[in-house]
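Input: a single structure, listed below in structure tokens.
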Amino acid sequence: MDNPQAAPTTIDEYIAAFPDDVQERLQAMRQTIHAAAPEAVEIISYGVPSFHLKGNLVQFGAAKKHIGFYPKPSAIEAFKERLAPYKHAEGSVQFPFDQPLPLDLVTDMTKFRVEQQALKK
């Protein structure tokens with residue numbers, strides 16, 4: 001980005017602001033979510049990459065030592081056993097940089113959210 005103070009307006013801009021190794025992880029998250037929710041629209045919301053499908057589907061972003069994934073509290077609850085190895089809270093989970101990304105888990109959680117959103121009127 002030309003102005004480092006400018007907030008990203010696209011997911012490409014968001015990802016480009018990080019070092020190469022973090023960019024690879026962010027791209028992997030993006031591709032995994034897109035494959036699990038091909039109809040979802042990519043936007044930046046609350047300063048992070050977001051996928052919308054009848055409203056907010058999932059979000060993700062980079063922090064100092066992890067990739068954050070924000071699939072809503074219902075998905076965290078539904079997948080709590082598989083999330084046990086990761087630090088997580090009501091609507092978020094942290095995937096540390098020193099561990100491989102659990103892309104199968106991201107896929108399953110995203111598909112779960114797609115099913116939830118499909119029930120919305």
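Letters A, B, ... mark the chains of the structure tokens in the order given; residue numbers begin at 1 per chain; ligand numbers begin at 1, in order shown.
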
Mind running region 3-93 of chain A against region 97-109 of chain A at 7 Å and telling me each contacting residue's nearest atom pair with the distance in Å (one decimal), counting only C-alpha atoms, chain and number ascending, as a tab-separated table?
```
residue	atom	partner	partner_atom	distance
A:Thr32	CA	A:Thr107	CA	6.2
A:Ile33	CA	A:Thr107	CA	6.3
A:Ala36	CA	A:Thr107	CA	5.6
A:Lys65	CA	A:Phe97	CA	5.7
A:His66	CA	A:Phe97	CA	5.0
A:Ala75	CA	A:Met109	CA	6.1
```

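Excluding Ile11 (chain A) and any residue on its chain fewer than 2 positions from it, the residues at most 6 Å away by only C-alpha atoms are Glu13, Tyr14 and Pro49 of chain A.
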
Region 112-116 of chain A environment, 10 Å, only C-alpha atoms, sequence neighbours closer than 4 positions dropped, as an MDAnalysis selection string: chainID A and resid 36:40 52:54 56:58 71:72 74:75 78:79 106:108 120

Keeping only N, CA and C atoms, write the selected residues as a PDB file, in the first residue's frame.
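Printed below is part-v8.pdb as written:
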```pdb
ATOM      1  N   ALA A  36     -14.867 -23.548   0.398  1.00  0.00           N
ATOM      2  CA  ALA A  36     -15.963 -24.059   1.229  1.00  0.00           C
ATOM      3  C   ALA A  36     -17.241 -23.241   1.086  1.00  0.00           C
ATOM      4  N   ALA A  37     -17.105 -22.007   0.624  1.00  0.00           N
ATOM      5  CA  ALA A  37     -18.252 -21.100   0.488  1.00  0.00           C
ATOM      6  C   ALA A  37     -18.111 -20.300  -0.806  1.00  0.00           C
ATOM      7  N   PRO A  38     -18.200 -20.976  -1.966  1.00  0.00           N
ATOM      8  CA  PRO A  38     -17.942 -20.287  -3.235  1.00  0.00           C
ATOM      9  C   PRO A  38     -18.909 -19.150  -3.553  1.00  0.00           C
ATOM     10  N   GLU A  39     -20.099 -19.148  -2.962  1.00  0.00           N
ATOM     11  CA  GLU A  39     -21.060 -18.073  -3.241  1.00  0.00           C
ATOM     12  C   GLU A  39     -20.843 -16.847  -2.365  1.00  0.00           C
ATOM     13  N   ALA A  40     -20.007 -16.974  -1.347  1.00  0.00           N
ATOM     14  CA  ALA A  40     -19.781 -15.865  -0.423  1.00  0.00           C
ATOM     15  C   ALA A  40     -19.024 -14.735  -1.118  1.00  0.00           C
ATOM     16  N   HIS A  52     -19.088 -12.732   3.237  1.00  0.00           N
ATOM     17  CA  HIS A  52     -20.503 -12.497   3.527  1.00  0.00           C
ATOM     18  C   HIS A  52     -21.371 -13.392   2.662  1.00  0.00           C
ATOM     19  N   LEU A  53     -22.385 -13.958   3.299  1.00  0.00           N
ATOM     20  CA  LEU A  53     -23.390 -14.779   2.632  1.00  0.00           C
ATOM     21  C   LEU A  53     -24.644 -14.647   3.487  1.00  0.00           C
ATOM     22  N   LYS A  54     -25.583 -13.824   3.042  1.00  0.00           N
ATOM     23  CA  LYS A  54     -26.748 -13.484   3.868  1.00  0.00           C
ATOM     24  C   LYS A  54     -26.280 -12.907   5.204  1.00  0.00           C
ATOM     25  N   ASN A  56     -22.727 -11.678   7.702  1.00  0.00           N
ATOM     26  CA  ASN A  56     -21.361 -12.107   8.000  1.00  0.00           C
ATOM     27  C   ASN A  56     -21.284 -13.625   8.123  1.00  0.00           C
ATOM     28  N   LEU A  57     -20.413 -14.225   7.328  1.00  0.00           N
ATOM     29  CA  LEU A  57     -20.217 -15.675   7.368  1.00  0.00           C
ATOM     30  C   LEU A  57     -19.037 -16.002   8.281  1.00  0.00           C
ATOM     31  N   VAL A  58     -17.833 -15.644   7.871  1.00  0.00           N
ATOM     32  CA  VAL A  58     -16.618 -15.824   8.667  1.00  0.00           C
ATOM     33  C   VAL A  58     -15.655 -14.689   8.351  1.00  0.00           C
ATOM     34  N   PRO A  71     -15.482 -17.435  13.212  1.00  0.00           N
ATOM     35  CA  PRO A  71     -16.611 -18.083  12.553  1.00  0.00           C
ATOM     36  C   PRO A  71     -17.950 -17.965  13.286  1.00  0.00           C
ATOM     37  N   LYS A  72     -18.061 -17.103  14.272  1.00  0.00           N
ATOM     38  CA  LYS A  72     -19.263 -16.924  15.098  1.00  0.00           C
ATOM     39  C   LYS A  72     -19.277 -17.939  16.247  1.00  0.00           C
ATOM     40  N   SER A  74     -21.542 -19.904  17.397  1.00  0.00           N
ATOM     41  CA  SER A  74     -22.193 -21.191  17.136  1.00  0.00           C
ATOM     42  C   SER A  74     -21.214 -22.211  16.562  1.00  0.00           C
ATOM     43  N   ALA A  75     -20.308 -21.772  15.697  1.00  0.00           N
ATOM     44  CA  ALA A  75     -19.324 -22.687  15.112  1.00  0.00           C
ATOM     45  C   ALA A  75     -18.269 -23.083  16.143  1.00  0.00           C
ATOM     46  N   ALA A  78     -19.931 -25.729  18.196  1.00  0.00           N
ATOM     47  CA  ALA A  78     -20.132 -26.976  17.451  1.00  0.00           C
ATOM     48  C   ALA A  78     -18.827 -27.757  17.249  1.00  0.00           C
ATOM     49  N   PHE A  79     -17.706 -27.048  17.206  1.00  0.00           N
ATOM     50  CA  PHE A  79     -16.423 -27.692  16.924  1.00  0.00           C
ATOM     51  C   PHE A  79     -15.479 -27.640  18.123  1.00  0.00           C
ATOM     52  N   VAL A 106     -10.907 -25.511   9.177  1.00  0.00           N
ATOM     53  CA  VAL A 106     -11.435 -24.254   8.625  1.00  0.00           C
ATOM     54  C   VAL A 106     -12.522 -24.566   7.597  1.00  0.00           C
ATOM     55  N   THR A 107     -12.283 -25.552   6.746  1.00  0.00           N
ATOM     56  CA  THR A 107     -13.278 -25.961   5.749  1.00  0.00           C
ATOM     57  C   THR A 107     -14.569 -26.390   6.426  1.00  0.00           C
ATOM     58  N   ASP A 108     -14.447 -27.277   7.407  1.00  0.00           N
ATOM     59  CA  ASP A 108     -15.643 -27.803   8.074  1.00  0.00           C
ATOM     60  C   ASP A 108     -16.415 -26.714   8.811  1.00  0.00           C
ATOM     61  N   LYS A 120     -31.300 -18.834   7.109  1.00  0.00           N
ATOM     62  CA  LYS A 120     -31.806 -17.464   7.293  1.00  0.00           C
ATOM     63  C   LYS A 120     -32.796 -17.113   6.191  1.00  0.00           C
TER      64      LYS A 120
END
```

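Residues in contact with Thr10 (chain A) at up to 12 Å, not including ones fewer than 6 positions away on its chain and judged by only C-alpha atoms, are A:Met1, A:Ala16, A:Ala17, A:Val41, A:Glu42, A:Ile43, A:Ile44, A:Ser45, A:Gly47, A:Val48, A:Pro49, A:Ser50, A:Phe51.
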
Given only C-alpha atoms as the counted atoms, nearest of A:Pro19, A:Pro85, A:Gly91, A:Gly55 to Tyr70 (chain A): A:Gly91

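Note that CA of Ala62 (chain A) and CA of Gln27 (chain A) are 11.1 Å apart.
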
Backbone DSSP call of strand (DSSP E) for region 4-113 of chain A, listed as a PyMOL selection string: chain A and resi 41-45+48-52+56-62+66-70+93-96

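Here the question is which of A:Ala28, A:Gln23, A:Ala7, A:Ala35 gets nearest to Thr110 (chain A) using only C-alpha atoms, and that residue is A:Ala35.
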
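Pairwise distance (CA of Gln31 (chain A), CA of Phe18 (chain A)) equals 17.0 Å.
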